[in-house]
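*Asks:* Below is a structure I'd like to ask you about.
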Amino acid sequence: MTGLPPGPRSVDSGEQPPLMPAPPADATDSAALRIRCSGEGFALARTFTRETLRGWSLDHHSDDAVLVITELAANAVAHAVPRAPAGEAEVWLGLLLDPGHVVLTVSDPGDNAPEFTGAEAADLREHGRGLCIVDALAEEWGWTLRPPAGKTVWARLSTCPPP
């Protein structure tokens with residue numbers, strides 16, 4: 001896949017964020033869902049992710065994928081939605097299957113960069129561990145601005161069996 005960063009990183013305000021992985025020519029399937037910013041929306045996100053992966057015969061990867069999509073959606077609701085203009089607080093989930101990977105995306109109306117603090121800094125904190133979890137489970141993750149407003153945070157998980 002082209003356009004992937006070497007791994008997670010913070011982006012300075014003057015620096016261009018890494019690009020979201022482009023769907024490869026041999027991508028086999030994708031799915032998208034708009035969720036509400038509520039507990040009901042998170043439950044729907046988990047069910048949607050599990051059912052989509054089951055449809056792709058990837059049930060054995062659904063626990064990690066559900067955890068990642070939930071963390072990314074929770075970050076969107078906590079950090080981007082409150083700053084969005086009234087009526088523009090949509091959060092979209094996306095799943096893209098390509099050979100060997102599933103790419104999970106969460107798009108929100110915020111332009112603010114995700115704030116990744118290393119695992120050591122987040123160990124005892126009550127909040128702020130979500131991206132540490134994403135970092136631990138994903139092969140790669142990053143974010144991309146969506147003009148005219150908003151961003152997409154993405155994580156790429158392997159669908160290959162562990163060595």
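Simple scheme: letters A, B, ... for chains in structure tokens order, numbers from 1 for residues in each chain, numbers from 1 for ligands in the order shown.
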Residues at most 12 Å from Ile35 (chain A), counting only C-alpha atoms, excluding those fewer than 2 positions away in the same chain, as a ChimeraX atom specification?
*Replies:* /A:32-33,37-48,69-70,73-74,76-77,81,89-94,106-108
*Asks:* Go ahead and write the residues just picked, N, CA and C atoms, as a short mmCIF file (atom, residue, chain, number, x, y, z; two decimals), in the first residue's frame.
*Replies:*
data_model
loop_
_atom_site.label_atom_id
_atom_site.label_comp_id
_atom_site.auth_asym_id
_atom_site.auth_seq_id
_atom_site.Cartn_x
_atom_site.Cartn_y
_atom_site.Cartn_z
N ALA A 32 -19.52 0.72 5.44
CA ALA A 32 -19.51 2.00 6.16
C ALA A 32 -20.80 2.14 6.95
N LEU A 33 -20.72 2.92 8.03
CA LEU A 33 -21.87 3.13 8.90
C LEU A 33 -21.73 4.48 9.60
N CYS A 37 -23.62 9.67 18.50
CA CYS A 37 -22.63 9.91 19.54
C CYS A 37 -23.22 9.57 20.89
N SER A 38 -23.41 8.26 21.12
CA SER A 38 -24.06 7.79 22.35
C SER A 38 -23.63 6.37 22.62
N GLY A 39 -24.03 5.87 23.79
CA GLY A 39 -23.77 4.48 24.12
C GLY A 39 -24.40 3.55 23.10
N GLU A 40 -25.56 3.92 22.62
CA GLU A 40 -26.23 3.12 21.59
C GLU A 40 -25.40 3.10 20.30
N GLY A 41 -24.80 4.23 19.97
CA GLY A 41 -23.95 4.31 18.78
C GLY A 41 -22.73 3.42 18.91
N PHE A 42 -22.12 3.38 20.10
CA PHE A 42 -20.96 2.53 20.32
C PHE A 42 -21.34 1.05 20.23
N ALA A 43 -22.48 0.69 20.79
CA ALA A 43 -22.95 -0.69 20.70
C ALA A 43 -23.17 -1.08 19.24
N LEU A 44 -23.77 -0.18 18.47
CA LEU A 44 -23.98 -0.43 17.05
C LEU A 44 -22.65 -0.56 16.32
N ALA A 45 -21.67 0.25 16.68
CA ALA A 45 -20.33 0.17 16.06
C ALA A 45 -19.71 -1.20 16.31
N ARG A 46 -19.83 -1.69 17.53
CA ARG A 46 -19.26 -3.01 17.85
C ARG A 46 -19.97 -4.12 17.07
N THR A 47 -21.30 -4.07 17.04
CA THR A 47 -22.08 -5.08 16.32
C THR A 47 -21.77 -5.03 14.83
N PHE A 48 -21.75 -3.83 14.26
CA PHE A 48 -21.45 -3.64 12.85
C PHE A 48 -20.07 -4.23 12.50
N ILE A 69 -11.95 -0.09 16.81
CA ILE A 69 -12.99 0.80 16.28
C ILE A 69 -13.69 1.53 17.42
N THR A 70 -13.87 0.87 18.55
CA THR A 70 -14.52 1.50 19.71
C THR A 70 -13.63 2.61 20.26
N ALA A 73 -13.72 5.54 17.77
CA ALA A 73 -15.02 6.23 17.82
C ALA A 73 -15.16 7.02 19.12
N ALA A 74 -14.71 6.46 20.23
CA ALA A 74 -14.78 7.18 21.51
C ALA A 74 -13.93 8.45 21.46
N ALA A 76 -13.28 10.19 18.76
CA ALA A 76 -14.00 11.13 17.90
C ALA A 76 -15.11 11.84 18.68
N VAL A 77 -15.87 11.06 19.44
CA VAL A 77 -16.98 11.64 20.20
C VAL A 77 -16.46 12.56 21.31
N VAL A 81 -16.36 15.84 18.21
CA VAL A 81 -17.79 16.19 18.13
C VAL A 81 -18.12 17.42 18.97
N ALA A 89 -22.14 17.16 13.53
CA ALA A 89 -21.45 16.20 14.39
C ALA A 89 -21.69 14.76 13.95
N GLU A 90 -21.30 14.45 12.73
CA GLU A 90 -21.43 13.08 12.24
C GLU A 90 -20.14 12.32 12.46
N VAL A 91 -20.29 11.06 12.83
CA VAL A 91 -19.16 10.15 12.96
C VAL A 91 -19.46 8.96 12.05
N TRP A 92 -18.52 8.68 11.16
CA TRP A 92 -18.66 7.58 10.22
C TRP A 92 -17.60 6.52 10.49
N LEU A 93 -18.00 5.26 10.43
CA LEU A 93 -17.07 4.14 10.54
C LEU A 93 -16.89 3.54 9.16
N GLY A 94 -15.71 3.04 8.90
CA GLY A 94 -15.46 2.34 7.65
C GLY A 94 -14.58 1.14 7.87
N VAL A 106 -12.40 5.86 11.20
CA VAL A 106 -13.41 6.66 11.87
C VAL A 106 -13.23 8.09 11.40
N SER A 107 -14.27 8.63 10.79
CA SER A 107 -14.24 10.00 10.29
C SER A 107 -15.12 10.88 11.16
N ASP A 108 -14.62 12.07 11.48
CA ASP A 108 -15.34 12.99 12.35
C ASP A 108 -15.18 14.42 11.85
#
*Asks:* Determine the nearest neighbour of Val153 (chain A) from the options A:Glu115, A:Asp98, A:Asp29, A:Asp59, counting only C-alpha atoms.
*Replies:*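 Residue with the minimum atom-to-atom distance to Val153 (chain A): A:Glu115.
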*Asks:* As a list in words, please: the residues near Asp64 (chain A) (cut-off 9 Å, only C-alpha atoms, same-chain neighbours under 6 positions excluded).
*Replies:*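 Listing them by chain and then by number gives Val134, Leu137, Ala138 and Leu157 of chain A.
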*Asks:* Once you have the residues from the selection above, write them out as a PDB file, in the first residue's frame, restricted to N, CA and C atoms.
*Replies:*
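Writing done, so here's part_33.pdb:
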ATOM      1  N   VAL A 134      -4.780   1.173  20.410  1.00  0.00           N
ATOM      2  CA  VAL A 134      -4.753   1.106  18.947  1.00  0.00           C
ATOM      3  C   VAL A 134      -3.338   0.814  18.464  1.00  0.00           C
ATOM      4  N   LEU A 137      -2.368  -2.860  18.928  1.00  0.00           N
ATOM      5  CA  LEU A 137      -3.082  -3.862  18.137  1.00  0.00           C
ATOM      6  C   LEU A 137      -2.910  -3.696  16.627  1.00  0.00           C
ATOM      7  N   ALA A 138      -2.647  -2.494  16.172  1.00  0.00           N
ATOM      8  CA  ALA A 138      -2.569  -2.230  14.730  1.00  0.00           C
ATOM      9  C   ALA A 138      -1.142  -2.353  14.218  1.00  0.00           C
ATOM     10  N   LEU A 157      -5.027  -3.487  10.499  1.00  0.00           N
ATOM     11  CA  LEU A 157      -4.802  -4.723  11.252  1.00  0.00           C
ATOM     12  C   LEU A 157      -4.542  -5.872  10.295  1.00  0.00           C
TER      13      LEU A 157
END
*Asks:* Nearest residue to Arg156 (chain A) out of A:Leu53, A:Ala78, A:Leu95, A:Val103, using only C-alpha atoms?
*Replies:*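 For Arg156 (chain A), the nearest of the candidates is A:Val103.
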